[in-house]
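Visitor: To be precise about what I am sending: the file is called data33.csv and holds CSV, C-alpha atoms and all ligand atoms.
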chain,number,residue,atom,x,y,z
A,1125,MET,CA,-22.0,-6.0,4.1
A,1126,SER,CA,-21.2,-5.9,7.8
A,1127,GLN,CA,-23.4,-3.4,9.6
A,1128,SER,CA,-20.5,-2.4,11.8
A,1129,VAL,CA,-18.8,-0.4,8.9
A,1130,GLN,CA,-21.9,1.1,7.5
A,1131,ALA,CA,-23.2,4.7,7.8
A,1132,PRO,CA,-23.8,6.5,10.1
A,1133,ARG,CA,-21.2,4.6,12.2
A,1134,VAL,CA,-18.5,4.7,9.5
A,1135,LEU,CA,-18.5,7.7,7.2
A,1136,ASN,CA,-14.8,8.1,6.5
A,1137,ILE,CA,-11.4,6.4,6.7
A,1138,GLU,CA,-10.7,7.8,10.2
A,1139,ASP,CA,-13.9,6.0,11.4
A,1140,LEU,CA,-12.4,2.8,10.0
A,1141,ARG,CA,-9.2,3.5,11.8
A,1142,ARG,CA,-11.0,3.9,15.1
A,1143,ALA,CA,-13.0,0.7,14.5
A,1144,ALA,CA,-9.7,-1.2,13.7
A,1145,LYS,CA,-8.2,0.2,16.9
A,1146,ARG,CA,-11.1,-1.3,18.9
A,1147,ARG,CA,-10.8,-4.7,17.3
A,1148,LEU,CA,-7.1,-5.3,17.0
A,1149,PRO,CA,-4.5,-5.9,19.7
A,1150,ARG,CA,-2.3,-2.9,20.2
A,1151,VAL,CA,0.7,-4.7,18.6
A,1152,VAL,CA,-1.2,-5.3,15.4
A,1153,PHE,CA,-2.9,-1.9,15.2
A,1154,ASP,CA,0.4,-0.1,15.8
A,1155,TYR,CA,2.1,-2.1,13.1
A,1156,ILE,CA,-0.4,-0.6,10.6
A,1157,ASP,CA,-0.8,2.8,12.2
A,1158,GLY,CA,2.8,3.5,13.1
A,1159,GLY,CA,5.8,4.9,11.2
A,1160,ALA,CA,9.5,5.3,11.7
A,1161,GLU,CA,11.3,7.2,14.5
A,1162,ASP,CA,9.5,10.5,15.2
A,1163,GLU,CA,6.8,9.6,12.7
A,1164,TRP,CA,7.4,13.1,11.2
A,1165,THR,CA,7.2,11.9,7.6
A,1166,LEU,CA,4.1,9.8,8.5
A,1167,ARG,CA,2.3,12.9,9.8
A,1168,ALA,CA,3.8,15.1,7.0
A,1169,ASN,CA,2.4,12.8,4.3
A,1170,SER,CA,-1.2,13.6,5.4
A,1171,ARG,CA,-0.5,17.2,6.3
A,1172,ALA,CA,0.9,17.9,2.9
A,1173,PHE,CA,-2.6,17.6,1.5
A,1174,GLU,CA,-3.7,20.5,3.7
A,1175,ALA,CA,-1.2,22.7,1.9
A,1176,VAL,CA,-2.9,22.1,-1.4
A,1177,THR,CA,-6.3,23.7,-1.9
A,1178,LEU,CA,-9.0,23.2,-4.5
A,1179,ARG,CA,-10.1,25.7,-7.2
A,1180,PRO,CA,-13.7,24.7,-8.2
A,1181,ARG,CA,-15.5,25.8,-11.3
A,1182,CYS,CA,-19.0,26.4,-10.0
A,1183,ALA,CA,-22.4,26.6,-11.8
A,1184,VAL,CA,-21.3,23.7,-13.9
A,1185,ALA,CA,-23.6,20.7,-14.2
A,1186,VAL,CA,-21.8,17.4,-14.0
A,1187,PRO,CA,-24.5,14.7,-14.3
A,1188,SER,CA,-22.1,11.8,-14.3
A,1189,CYS,CA,-18.4,11.5,-13.6
A,1190,ASP,CA,-16.0,9.3,-15.5
A,1191,LEU,CA,-13.5,7.9,-13.0
A,1192,ARG,CA,-11.8,5.6,-15.5
A,1193,THR,CA,-8.1,5.6,-16.2
A,1194,VAL,CA,-5.5,3.3,-17.8
A,1195,VAL,CA,-2.6,2.0,-15.9
A,1196,LEU,CA,0.0,-0.4,-17.4
A,1197,GLY,CA,-2.3,-0.9,-20.4
A,1198,ALA,CA,-5.3,-2.0,-18.2
A,1199,SER,CA,-8.5,0.0,-18.0
A,1200,LEU,CA,-9.4,0.7,-14.4
A,1201,PRO,CA,-12.8,1.8,-13.2
A,1202,MET,CA,-11.1,4.4,-10.9
A,1203,PRO,CA,-7.6,5.6,-10.2
A,1204,LEU,CA,-7.1,3.5,-7.1
A,1205,ILE,CA,-4.9,0.6,-6.3
A,1206,LEU,CA,-4.5,-1.4,-3.1
A,1207,ALA,CA,-0.9,-1.1,-2.0
A,1208,PRO,CA,1.1,-4.0,-0.7
A,1209,VAL,CA,0.5,-4.4,3.1
A,1210,GLY,CA,2.8,-6.9,4.7
A,1211,SER,CA,1.4,-9.5,7.2
A,1212,SER,CA,-2.2,-8.7,6.3
A,1213,ARG,CA,-3.1,-12.2,7.6
A,1214,LEU,CA,-2.3,-10.9,11.1
A,1215,ILE,CA,-4.8,-8.1,10.7
A,1216,HIS,CA,-7.7,-10.5,9.7
A,1217,PRO,CA,-8.0,-14.2,8.9
A,1218,ARG,CA,-6.9,-14.8,5.4
A,1219,GLY,CA,-6.3,-11.0,5.1
A,1220,GLU,CA,-4.6,-10.9,1.8
A,1221,GLU,CA,-7.3,-13.0,0.1
A,1222,ALA,CA,-10.0,-10.9,1.7
A,1223,ALA,CA,-8.4,-7.6,0.5
A,1224,ALA,CA,-7.8,-9.0,-3.0
A,1225,HIS,CA,-11.4,-10.2,-3.2
A,1226,ALA,CA,-12.7,-6.7,-2.2
A,1227,ALA,CA,-10.4,-5.1,-4.8
A,1228,GLY,CA,-11.6,-7.6,-7.4
A,1229,ALA,CA,-15.2,-6.8,-6.7
A,1230,ALA,CA,-14.4,-3.1,-7.3
A,1231,GLY,CA,-12.4,-4.0,-10.4
A,1232,ILE,CA,-9.2,-2.4,-9.1
A,1233,PRO,CA,-5.7,-3.8,-8.8
A,1234,TYR,CA,-4.4,-5.4,-5.6
A,1235,VAL,CA,-0.7,-5.5,-4.9
A,1236,LEU,CA,0.4,-8.6,-2.9
A,1237,SER,CA,3.3,-8.1,-0.6
A,1238,THR,CA,6.2,-10.6,-0.6
A,1239,PHE,CA,5.4,-10.6,3.2
A,1240,SER,CA,2.0,-12.3,2.6
A,1241,GLY,CA,0.6,-14.8,5.0
A,1242,CYS,CA,-1.5,-16.4,2.2
A,1243,LEU,CA,-0.3,-18.4,-0.7
A,1244,LEU,CA,0.0,-16.2,-3.8
A,1245,GLU,CA,-2.0,-18.8,-5.8
A,1246,ASP,CA,-4.9,-18.4,-3.3
A,1247,VAL,CA,-4.8,-14.6,-3.5
A,1248,ALA,CA,-4.8,-14.8,-7.3
A,1249,ALA,CA,-7.9,-17.0,-7.2
A,1250,ALA,CA,-9.7,-14.4,-5.1
A,1251,SER,CA,-9.7,-11.6,-7.7
A,1252,SER,CA,-10.4,-11.3,-11.4
A,1253,ALA,CA,-9.1,-7.7,-11.5
A,1254,PRO,CA,-5.4,-7.0,-12.2
A,1255,LEU,CA,-3.0,-8.4,-9.6
A,1256,TRP,CA,0.5,-7.2,-9.1
A,1257,TYR,CA,3.2,-8.9,-7.1
A,1258,GLN,CA,5.5,-6.9,-4.8
A,1259,LEU,CA,9.1,-8.1,-4.5
A,1260,TYR,CA,11.5,-8.0,-1.6
A,1261,LEU,CA,14.6,-10.1,-1.9
A,1262,ALA,CA,14.4,-11.5,1.6
A,1263,GLY,CA,16.1,-14.9,1.3
A,1264,GLY,CA,18.0,-13.8,-1.8
A,1265,ARG,CA,17.6,-14.6,-5.5
A,1266,ASP,CA,17.1,-18.3,-4.7
A,1267,CYS,CA,13.9,-17.5,-2.9
A,1268,ALA,CA,12.8,-14.7,-5.3
A,1269,LEU,CA,13.1,-16.6,-8.6
A,1270,PRO,CA,10.7,-19.4,-7.8
A,1271,ALA,CA,8.2,-16.9,-6.3
A,1272,LEU,CA,8.4,-14.9,-9.6
A,1273,ASP,CA,7.7,-18.0,-11.6
A,1274,ARG,CA,4.8,-18.9,-9.3
A,1275,ALA,CA,3.4,-15.3,-9.5
A,1276,LYS,CA,3.6,-15.3,-13.3
A,1277,ALA,CA,1.9,-18.7,-13.5
A,1278,ALA,CA,-0.8,-17.6,-11.2
A,1279,GLY,CA,-1.6,-14.6,-13.4
A,1280,PHE,CA,0.0,-11.6,-11.6
A,1281,SER,CA,0.4,-9.1,-14.4
A,1282,ALA,CA,3.0,-6.7,-13.0
A,1283,LEU,CA,5.9,-6.7,-10.7
A,1284,VAL,CA,6.4,-4.0,-8.1
A,1285,VAL,CA,10.0,-3.7,-6.9
A,1286,THR,CA,10.3,-1.8,-3.6
A,1287,ILE,CA,13.6,0.0,-3.4
A,1288,ASP,CA,13.4,1.9,-0.1
A,1289,THR,CA,13.9,-1.0,2.3
A,1290,ALA,CA,17.6,-1.6,2.6
A,1291,VAL,CA,16.9,-2.2,6.3
A,1292,ALA,CA,13.6,-2.0,8.2
A,1293,GLY,CA,12.8,1.5,9.4
A,1294,MET,CA,13.0,2.1,13.2
A,1295,ARG,CA,9.4,1.6,14.1
A,1296,GLU,CA,9.5,2.4,17.7
A,1297,ARG,CA,6.0,1.3,18.4
A,1298,ASP,CA,6.8,-2.2,17.3
A,1299,PHE,CA,9.7,-2.4,19.7
A,1300,ARG,CA,7.7,-1.1,22.6
A,1301,ASN,CA,4.9,-3.6,21.9
A,1302,GLY,CA,7.3,-6.5,21.8
A,1303,VAL,CA,7.0,-7.5,18.2
A,1304,LYS,CA,10.4,-9.2,18.4
A,1305,GLU,CA,9.6,-11.1,21.6
A,1306,LEU,CA,6.1,-12.1,20.4
A,1307,LEU,CA,7.5,-13.5,17.1
A,1308,GLY,CA,10.5,-15.2,18.9
A,1309,GLY,CA,8.1,-17.8,20.3
A,1310,LYS,CA,9.9,-18.1,23.7
A,1311,MET,CA,7.4,-18.1,26.5
A,1312,ARG,CA,9.5,-16.2,29.0
A,1313,SER,CA,10.3,-13.3,26.6
A,1314,MET,CA,6.7,-13.3,25.3
A,1315,LEU,CA,5.1,-13.1,28.7
A,1316,PRO,CA,5.3,-9.3,29.4
A,1317,PHE,CA,3.6,-8.6,26.0
A,1318,VAL,CA,0.8,-11.2,25.8
A,1319,SER,CA,-1.8,-9.3,27.7
A,1320,GLN,CA,-2.4,-7.0,24.7
A,1321,LEU,CA,-3.5,-10.1,22.8
A,1322,LEU,CA,-5.6,-11.6,25.6
A,1323,VAL,CA,-7.7,-8.4,25.9
A,1324,LYS,CA,-8.8,-8.9,22.2
A,1325,PRO,CA,-10.4,-12.4,22.4
A,1326,ARG,CA,-12.2,-12.0,19.1
A,1327,TRP,CA,-9.0,-11.2,17.2
A,1328,LEU,CA,-7.2,-14.0,19.1
A,1329,ALA,CA,-9.9,-16.6,18.3
A,1330,GLY,CA,-9.8,-15.5,14.6
A,1331,PHE,CA,-6.0,-15.8,14.5
A,1332,PHE,CA,-6.0,-19.3,15.9
A,1333,ALA,CA,-8.9,-20.4,13.8
A,1334,ASP,CA,-6.9,-19.2,10.8
A,1335,GLY,CA,-4.0,-21.5,11.8
A,1336,GLY,CA,-2.0,-19.1,14.0
A,1337,LEU,CA,0.3,-18.8,11.1
A,1338,MET,CA,3.7,-17.2,11.6
A,1339,LYS,CA,5.3,-18.1,8.2
A,1340,PHE,CA,5.5,-16.5,4.8
A,1341,PRO,CA,4.5,-19.2,2.3
A,1342,ASN,CA,5.7,-17.3,-0.7
A,1343,ILE,CA,9.3,-17.0,0.6
A,1344,VAL,CA,10.4,-20.6,0.4
A,1345,VAL,CA,14.0,-21.1,1.6
A,1346,PRO,CA,15.6,-23.9,-0.4
A,1347,GLY,CA,15.9,-27.0,1.8
A,1348,LYS,CA,14.1,-25.3,4.7
A,1349,GLY,CA,10.6,-24.3,3.6
A,1350,PRO,CA,8.6,-21.1,4.2
A,1351,MET,CA,10.5,-18.3,6.0
A,1352,LEU,CA,9.4,-17.6,9.6
A,1353,TYR,CA,8.1,-14.1,10.6
A,1354,ALA,CA,10.9,-14.1,13.2
A,1355,ASP,CA,13.6,-14.4,10.5
A,1356,VAL,CA,12.4,-11.8,8.1
A,1357,THR,CA,14.1,-8.6,9.4
A,1358,ALA,CA,17.6,-10.1,9.2
A,1359,ALA,CA,16.9,-11.7,5.8
A,1360,LEU,CA,15.8,-8.4,4.4
A,1361,GLU,CA,19.0,-6.7,5.5
A,1362,GLN,CA,21.1,-9.4,4.0
A,1363,SER,CA,19.7,-9.1,0.5
A,1364,VAL,CA,19.2,-5.4,-0.3
A,1365,VAL,CA,17.8,-4.8,-3.8
A,1366,THR,CA,20.0,-2.6,-6.0
A,1367,TRP,CA,19.7,-1.2,-9.5
A,1368,GLU,CA,22.0,-3.9,-10.7
A,1369,ASP,CA,19.5,-6.6,-9.6
A,1370,LEU,CA,17.0,-5.2,-12.1
A,1371,GLU,CA,18.9,-7.0,-14.8
A,1372,TRP,CA,18.2,-10.5,-13.5
A,1373,ILE,CA,14.8,-9.4,-12.4
A,1374,ARG,CA,14.0,-8.2,-15.9
A,1375,GLU,CA,15.1,-11.5,-17.3
A,1376,ALA,CA,13.0,-13.5,-14.8
A,1377,TRP,CA,9.9,-11.2,-15.2
A,1378,THR,CA,8.9,-10.4,-18.7
A,1379,GLY,CA,5.8,-8.3,-17.8
A,1380,PRO,CA,5.7,-4.7,-16.7
A,1381,ILE,CA,7.9,-3.6,-13.8
A,1382,VAL,CA,7.0,-0.9,-11.3
A,1383,ILE,CA,9.6,0.8,-9.1
A,1384,LYS,CA,8.2,1.7,-5.7
A,1385,GLY,CA,9.9,4.1,-3.3
A,1386,ILE,CA,10.9,7.0,-5.5
A,1387,HIS,CA,11.6,10.2,-3.5
A,1388,THR,CA,13.5,12.4,-5.9
A,1389,ALA,CA,13.8,13.3,-9.6
A,1390,GLU,CA,17.3,11.7,-9.6
A,1391,ASP,CA,15.9,8.2,-8.7
A,1392,ALA,CA,13.0,8.8,-11.0
A,1393,ARG,CA,15.3,9.3,-13.9
A,1394,ARG,CA,17.3,6.2,-12.9
A,1395,ALA,CA,14.1,4.2,-12.9
A,1396,VAL,CA,13.3,5.4,-16.5
A,1397,ASP,CA,16.9,4.6,-17.6
A,1398,GLU,CA,16.6,1.1,-16.1
A,1399,GLY,CA,13.5,0.5,-18.3
A,1400,ALA,CA,10.8,0.6,-15.6
A,1401,ASP,CA,7.2,0.9,-16.9
A,1402,ALA,CA,5.9,2.8,-14.0
A,1403,LEU,CA,7.1,4.2,-10.7
A,1404,VAL,CA,5.5,5.0,-7.4
A,1405,VAL,CA,6.4,8.3,-5.6
A,1406,SER,CA,6.4,6.8,-2.1
A,1407,ASN,CA,8.2,7.0,1.2
A,1408,HIS,CA,6.7,3.7,2.3
A,1409,GLY,CA,4.0,5.6,4.3
A,1410,GLY,CA,6.6,7.1,6.5
A,1411,ARG,CA,7.7,3.7,7.7
A,1412,GLN,CA,11.3,3.8,6.4
A,1413,LEU,CA,13.5,6.9,6.4
A,1414,ASP,CA,11.9,9.4,8.7
A,1415,ARG,CA,12.3,13.1,7.8
A,1416,VAL,CA,12.1,12.6,4.0
A,1417,ALA,CA,9.7,15.1,2.5
A,1418,PRO,CA,6.1,14.1,2.2
A,1419,SER,CA,5.3,12.2,-1.0
A,1420,LEU,CA,2.8,14.9,-2.3
A,1421,GLN,CA,5.5,17.6,-2.1
A,1422,MET,CA,7.9,15.5,-4.2
A,1423,LEU,CA,5.3,14.6,-6.8
A,1424,PRO,CA,5.7,17.8,-8.9
A,1425,GLU,CA,9.5,17.4,-9.0
A,1426,VAL,CA,9.2,13.8,-10.2
A,1427,VAL,CA,6.4,14.5,-12.7
A,1428,ALA,CA,8.4,17.4,-14.2
A,1429,ALA,CA,11.5,15.2,-14.5
A,1430,VAL,CA,9.9,12.0,-16.0
A,1431,GLY,CA,6.2,12.4,-16.3
A,1432,ASP,CA,6.3,12.2,-20.1
A,1433,ARG,CA,8.4,9.0,-20.2
A,1434,ILE,CA,6.9,6.8,-17.5
A,1435,GLU,CA,3.6,6.3,-15.7
A,1436,VAL,CA,3.8,8.1,-12.3
A,1437,LEU,CA,1.9,6.6,-9.5
A,1438,PHE,CA,1.6,7.9,-6.0
A,1439,ASP,CA,1.1,6.9,-2.4
A,1440,GLY,CA,1.4,8.4,1.0
A,1441,GLY,CA,-1.2,9.9,3.4
A,1442,ILE,CA,-4.4,9.5,1.3
A,1443,ARG,CA,-7.5,9.4,3.5
A,1444,ARG,CA,-10.0,11.2,1.3
A,1445,GLY,CA,-11.1,11.1,-2.3
A,1446,SER,CA,-10.1,14.8,-2.5
A,1447,ASP,CA,-6.6,13.7,-1.6
A,1448,ILE,CA,-6.6,11.4,-4.6
A,1449,ILE,CA,-7.9,14.3,-6.8
A,1450,LYS,CA,-5.0,16.5,-5.6
A,1451,ALA,CA,-2.4,13.8,-6.5
A,1452,LEU,CA,-4.0,13.5,-9.9
A,1453,CYS,CA,-4.0,17.2,-10.4
A,1454,LEU,CA,-0.2,17.1,-9.7
A,1455,GLY,CA,0.3,14.5,-12.4
A,1456,ALA,CA,-0.2,11.1,-10.8
A,1457,ARG,CA,-2.0,8.6,-13.1
A,1458,ALA,CA,-3.4,6.7,-10.1
A,1459,VAL,CA,-2.8,6.3,-6.4
A,1460,LEU,CA,-2.1,3.5,-4.1
A,1461,VAL,CA,-3.6,3.3,-0.6
A,1462,GLY,CA,-2.2,1.1,2.2
A,1463,ARG,CA,-3.4,2.2,5.6
A,1464,ALA,CA,-6.8,3.4,4.3
A,1465,TYR,CA,-7.8,-0.1,3.4
A,1466,ALA,CA,-5.8,-1.9,6.1
A,1467,TYR,CA,-7.9,0.0,8.7
A,1468,GLY,CA,-11.0,-1.5,7.0
A,1469,LEU,CA,-9.4,-4.9,7.0
A,1470,GLY,CA,-8.7,-4.6,10.7
A,1471,ALA,CA,-12.2,-3.3,11.4
A,1472,ALA,CA,-14.3,-5.9,9.6
A,1473,GLY,CA,-12.2,-8.0,7.2
A,1474,GLU,CA,-13.3,-8.0,3.6
A,1475,ALA,CA,-16.4,-5.9,4.3
A,1476,GLY,CA,-14.2,-3.2,5.8
A,1477,VAL,CA,-11.9,-3.2,2.8
A,1478,ALA,CA,-14.9,-2.9,0.5
A,1479,ARG,CA,-16.2,0.0,2.6
A,1480,ALA,CA,-12.9,1.8,2.4
A,1481,ILE,CA,-13.0,1.5,-1.4
A,1482,GLU,CA,-16.6,2.6,-1.5
A,1483,ILE,CA,-15.9,5.7,0.7
A,1484,LEU,CA,-13.0,6.8,-1.6
A,1485,ARG,CA,-15.1,6.2,-4.7
A,1486,ALA,CA,-18.0,8.2,-3.4
A,1487,ASP,CA,-15.6,10.9,-2.3
A,1488,LEU,CA,-14.1,11.0,-5.8
A,1489,VAL,CA,-17.5,11.4,-7.5
A,1490,ARG,CA,-18.7,14.0,-5.1
A,1491,THR,CA,-15.5,16.0,-5.2
A,1492,LEU,CA,-15.4,16.0,-9.1
A,1493,LYS,CA,-19.0,17.3,-9.2
A,1494,LEU,CA,-18.2,20.0,-6.7
A,1495,LEU,CA,-15.2,20.9,-8.7
A,1496,GLY,CA,-17.2,21.1,-11.9
A,1497,CYS,CA,-15.1,18.5,-13.6
A,1498,ALA,CA,-16.6,15.6,-15.5
A,1499,SER,CA,-13.7,13.1,-15.5
A,1500,VAL,CA,-10.5,12.3,-13.8
A,1501,GLY,CA,-8.8,12.6,-17.2
A,1502,GLU,CA,-9.6,16.4,-17.2
A,1503,LEU,CA,-8.0,17.0,-13.8
A,1504,ALA,CA,-5.1,19.5,-14.1
A,1505,ARG,CA,-3.0,21.9,-12.1
A,1506,SER,CA,-5.7,24.6,-12.8
A,1507,TYR,CA,-8.0,22.8,-10.2
A,1508,ILE,CA,-5.6,23.4,-7.3
A,1509,ASP,CA,-3.4,25.9,-5.6
A,1510,VAL,CA,0.0,24.5,-4.7
A,1511,PRO,CA,2.7,26.0,-2.4
A,1512,ARG,CA,5.0,27.9,-4.7
A,1513,ASP,CA,8.2,26.3,-3.4
A,1514,TRP,CA,6.9,22.8,-4.3
A,1515,LEU,CA,7.1,23.7,-8.0
A,1516,ALA,CA,10.4,25.6,-7.9
A,1517,LYS,CA,12.7,22.8,-8.7
B,1601,LIG,C1,6.5,-3.7,5.1
B,1601,LIG,O1,6.9,-3.4,4.0
B,1601,LIG,C2,6.1,-2.7,6.1
B,1601,LIG,O2,6.2,-1.5,5.8
B,1601,LIG,O3,5.8,-3.1,7.2
Just dump the structure as C-alpha cells.
Ligand code: GLV

Guide:
Amino acid sequence: MSQSVQAPRVLNIEDLRRAAKRRLPRVVFDYIDGGAEDEWTLRANSRAFEAVTLRPRCAVAVPSCDLRTVVLGASLPMPLILAPVGSSRLIHPRGEEAAAHAAGAAGIPYVLSTFSGCLLEDVAAASSAPLWYQLYLAGGRDCALPALDRAKAAGFSALVVTIDTAVAGMRERDFRNGVKELLGGKMRSMLPFVSQLLVKPRWLAGFFADGGLMKFPNIVVPGKGPMLYADVTAALEQSVVTWEDLEWIREAWTGPIVIKGIHTAEDARRAVDEGADALVVSNHGGRQLDRVAPSLQMLPEVVAAVGDRIEVLFDGGIRRGSDIIKALCLGARAVLVGRAYAYGLGAAGEAGVARAIEILRADLVRTLKLLGCASVGELARSYIDVPRDWLAK
C-alpha cells in the first residue's frame, strides 16, 4: 500500500482530505469538498455528530467485535458502503474501477454513479463484493433502459434511485473555479482557469495518460454516443425522476431498489408505499438543497416512521467510525460514505480508498471495545445521548 497514506502521516479521514488537496487541482478538490450555496447543510451534517454523545459500559471485556450486518439480503463484513461519487475518473485515473476494487477487497458494496467515467462492465469486473448501480435519468428513459440492462447483465445486484437532484445544487465553488468553462472545451473561455490544472502536473499527467476522458460511457444517447460532461447539467434538469417513474423502473429492474435522498418521514412513507426495499436518509452530502436539516438529525424521525418496514441506510458527514456507531444507534442498518473515500482516491488512488476503509474499520472496532459492546447488532439508543428535540416528532 502506498506509503503516502500510511501512519503516521495519515491517521484519519481529515489527513486524507489534506493529502487530496495537495494532489488535486483546485477545481477537482472543490468538486469533492464543496457543497451548495452557503454550505450550511454540508457543515451541519458533520456538526450534527457533535450533538450526539456516547454512553459507554466500562469494565466490560470485549475480546473480539462482530462488525457484520445484513443489507438487502447480503451479509456484509461491516456496515459500510461506498456511496456513488460522480466523475471519480477525474479524481484519479480509472477512479471508479479503483474504488470498486478497494471496496471488493474489503468485501463491502460499491455504488456506481450514473455519472461514471468508466464503463460499468469494467467496474463490475473490479469487485466480487456486491455492486449497486445508481440511477439518474440524464438523457431520459431511452438512455436509462439500456444502462439498466447492461448493469443487470454485468452483475449489479441493486438499483439506487437518487430523488433529490431535480436540478444540480448551486455549488458556488464549481462556478468560481470555472467548471463550465473548462468543460466547454473552448480555448478562450478556458484560459482564465487552466493555471489551476498546470500547477498540478502529476494529476494532469495522470488525466492525459488515462485518455483525458470527458464523456460518460454509461449514458449512451441513441444515435449520438456517450454523453459529454458538458451536456450533463442540462440533461439532468430535463429528465427529473418522479415517483411515477418508479413504475417503469420497477419493470425494467427486477432486483432490489433503494431510494436515496430521503429527508423526511413523509417521503420515507412514500418510498415504502412505492415498494422500495431500502432507503437512504441523505441530503446528498449538502450538495443539493442547502439549509435542509443534517441527515443525522432526521434519522430518528425516519426510523420511527418506517424503520420496521424498510431497511434504513444513512449518509451525510461521516468522518469517523464513531460517527457510524452513532448512526447505527439511531437505527441505521448501514451507512454510505462519499467524501471520506473520495479524499482517499484523490490522495493516492486505490491505496487511498483502501486506507479510508481501513481507518473506518479500525475506528469501529476500537469504539465498540471502548463502549463495551461486542457487536454492531447490539448497538442501541442506550449507547448514546441525543438532543431531546430530535426525538420529539
Ligand atoms: C453528483 O451527484 C454530485 O453530487 O456531484

Visitor: Tell me, in Å to one decimal, how far atom CA of Pro1217 of chain A is from atom CA of Arg1147 of chain A.

Guide: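 Separating atom CA of Pro1217 of chain A from atom CA of Arg1147 of chain A is a distance of 13.0 Å.
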
Visitor: Between A:Val1365, A:Ile1156, A:Ile1481, A:Ala1168, single out the one closest to ligand LIG 1601 (chain B), counting only C-alpha atoms and all ligand atoms.

Guide: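 When distances to ligand LIG 1601 (chain B) are compared using only C-alpha atoms and all ligand atoms, the smallest one comes from A:Ile1156.
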
Visitor: Please provide the set of residues having any atom within 9 Å of Ala1392 of chain A, restricted to all atoms listed in the file, with same-chain residues fewer than 2 positions apart removed, written as a PyMOL selection string.

Guide: chain A and resi 1383+1386-1390+1394-1397+1403+1405+1426-1427+1429-1430

Visitor: When you draw a straight line from atom CA of Asp1487 of chain A to atom CA of Met1202 of chain A, how long is it in Å?

Guide: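 Atom CA of Met1202 of chain A lies at a distance of 11.7 Å from atom CA of Asp1487 of chain A.
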
Visitor: Rounded to one decimal in Å, what is the spacing between atom CA of Thr1165 of chain A and atom CA of Val1195 of chain A?

Guide: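 One can read the atom CA of Thr1165 of chain A to atom CA of Val1195 of chain A distance as 27.3 Å.
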
Visitor: Neighbouring residues of ligand LIG 1601 (chain B) are defined here as those with any atom at most 7 Å from a ligand atom, counting only C-alpha atoms and all ligand atoms; list them as a PDB file with C-alpha atoms, in the coordinates of the input.

Guide:
ATOM      1  CA  VAL A1209       0.500  -4.400   3.100  1.00  0.00           C
ATOM      2  CA  GLY A1210       2.800  -6.900   4.700  1.00  0.00           C
ATOM      3  CA  HIS A1408       6.700   3.700   2.300  1.00  0.00           C
ATOM      4  CA  ARG A1411       7.700   3.700   7.700  1.00  0.00           C
TER       5      ARG A1411
END

Visitor: Using all atoms listed in the file for the distances, tell me which of A:Leu1244, A:Ala1275, A:Ala1131, A:Cys1189 is nearest to Arg1218 of chain A.

Guide: A:Leu1244

Visitor: So that I can check the surroundings of Asp1190 of chain A, please list as a PDB file with C-alpha atoms, in the coordinates of the input every protein, DNA and RNA residue that reaches within 12 Å of it, counting all atoms listed in the file and ignoring chain neighbours fewer than 2 positions away.

Guide:
ATOM      1  CA  VAL A1186     -21.800  17.400 -14.000  1.00  0.00           C
ATOM      2  CA  PRO A1187     -24.500  14.700 -14.300  1.00  0.00           C
ATOM      3  CA  SER A1188     -22.100  11.800 -14.300  1.00  0.00           C
ATOM      4  CA  ARG A1192     -11.800   5.600 -15.500  1.00  0.00           C
ATOM      5  CA  THR A1193      -8.100   5.600 -16.200  1.00  0.00           C
ATOM      6  CA  LEU A1200      -9.400   0.700 -14.400  1.00  0.00           C
ATOM      7  CA  PRO A1201     -12.800   1.800 -13.200  1.00  0.00           C
ATOM      8  CA  MET A1202     -11.100   4.400 -10.900  1.00  0.00           C
ATOM      9  CA  PRO A1203      -7.600   5.600 -10.200  1.00  0.00           C
ATOM     10  CA  ARG A1485     -15.100   6.200  -4.700  1.00  0.00           C
ATOM     11  CA  LEU A1488     -14.100  11.000  -5.800  1.00  0.00           C
ATOM     12  CA  VAL A1489     -17.500  11.400  -7.500  1.00  0.00           C
ATOM     13  CA  ARG A1490     -18.700  14.000  -5.100  1.00  0.00           C
ATOM     14  CA  LEU A1492     -15.400  16.000  -9.100  1.00  0.00           C
ATOM     15  CA  LYS A1493     -19.000  17.300  -9.200  1.00  0.00           C
ATOM     16  CA  CYS A1497     -15.100  18.500 -13.600  1.00  0.00           C
ATOM     17  CA  ALA A1498     -16.600  15.600 -15.500  1.00  0.00           C
ATOM     18  CA  SER A1499     -13.700  13.100 -15.500  1.00  0.00           C
ATOM     19  CA  VAL A1500     -10.500  12.300 -13.800  1.00  0.00           C
ATOM     20  CA  GLY A1501      -8.800  12.600 -17.200  1.00  0.00           C
ATOM     21  CA  GLU A1502      -9.600  16.400 -17.200  1.00  0.00           C
ATOM     22  CA  LEU A1503      -8.000  17.000 -13.800  1.00  0.00           C
TER      23      LEU A1503
END

Visitor: Nearest to Arg1300 of chain A among A:Val1184, A:Arg1150, A:Gly1335, A:Arg1312, with distances taken over all atoms listed in the file: which residue is it?

Guide: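 Selected residue with least distance to Arg1300 of chain A: A:Arg1150.
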
Visitor: My list of candidates is A:Asn1342, A:Gly1309, A:Ala1250, A:Leu1315. Which is closest to Ala1271 of chain A when distances are computed with only C-alpha atoms?

Guide: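 Of A:Asn1342, A:Gly1309, A:Ala1250, A:Leu1315, the one nearest Ala1271 of chain A, counting only C-alpha atoms, is A:Asn1342.
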
Visitor: Generate N, CA and C atoms for segment 1250-1254 of chain A and emit them as a short mmCIF file (atom, residue, chain, number, x, y, z; two decimals), keeping the file's coordinate frame.

Guide:
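Once everything was written out, this is part.cif:
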data_model
loop_
_atom_site.label_atom_id
_atom_site.label_comp_id
_atom_site.auth_asym_id
_atom_site.auth_seq_id
_atom_site.Cartn_x
_atom_site.Cartn_y
_atom_site.Cartn_z
N ALA A 1250 -8.64 -15.17 -5.77
CA ALA A 1250 -9.70 -14.40 -5.10
C ALA A 1250 -10.10 -13.15 -5.92
N SER A 1251 -9.37 -12.81 -6.99
CA SER A 1251 -9.70 -11.60 -7.70
C SER A 1251 -9.60 -11.81 -9.25
N SER A 1252 -10.53 -11.20 -9.98
CA SER A 1252 -10.40 -11.30 -11.40
C SER A 1252 -9.89 -9.92 -11.99
N ALA A 1253 -9.67 -8.95 -11.10
CA ALA A 1253 -9.10 -7.70 -11.50
C ALA A 1253 -7.56 -7.86 -11.58
N PRO A 1254 -6.83 -6.88 -12.14
CA PRO A 1254 -5.40 -7.00 -12.20
C PRO A 1254 -4.75 -7.24 -10.84
#
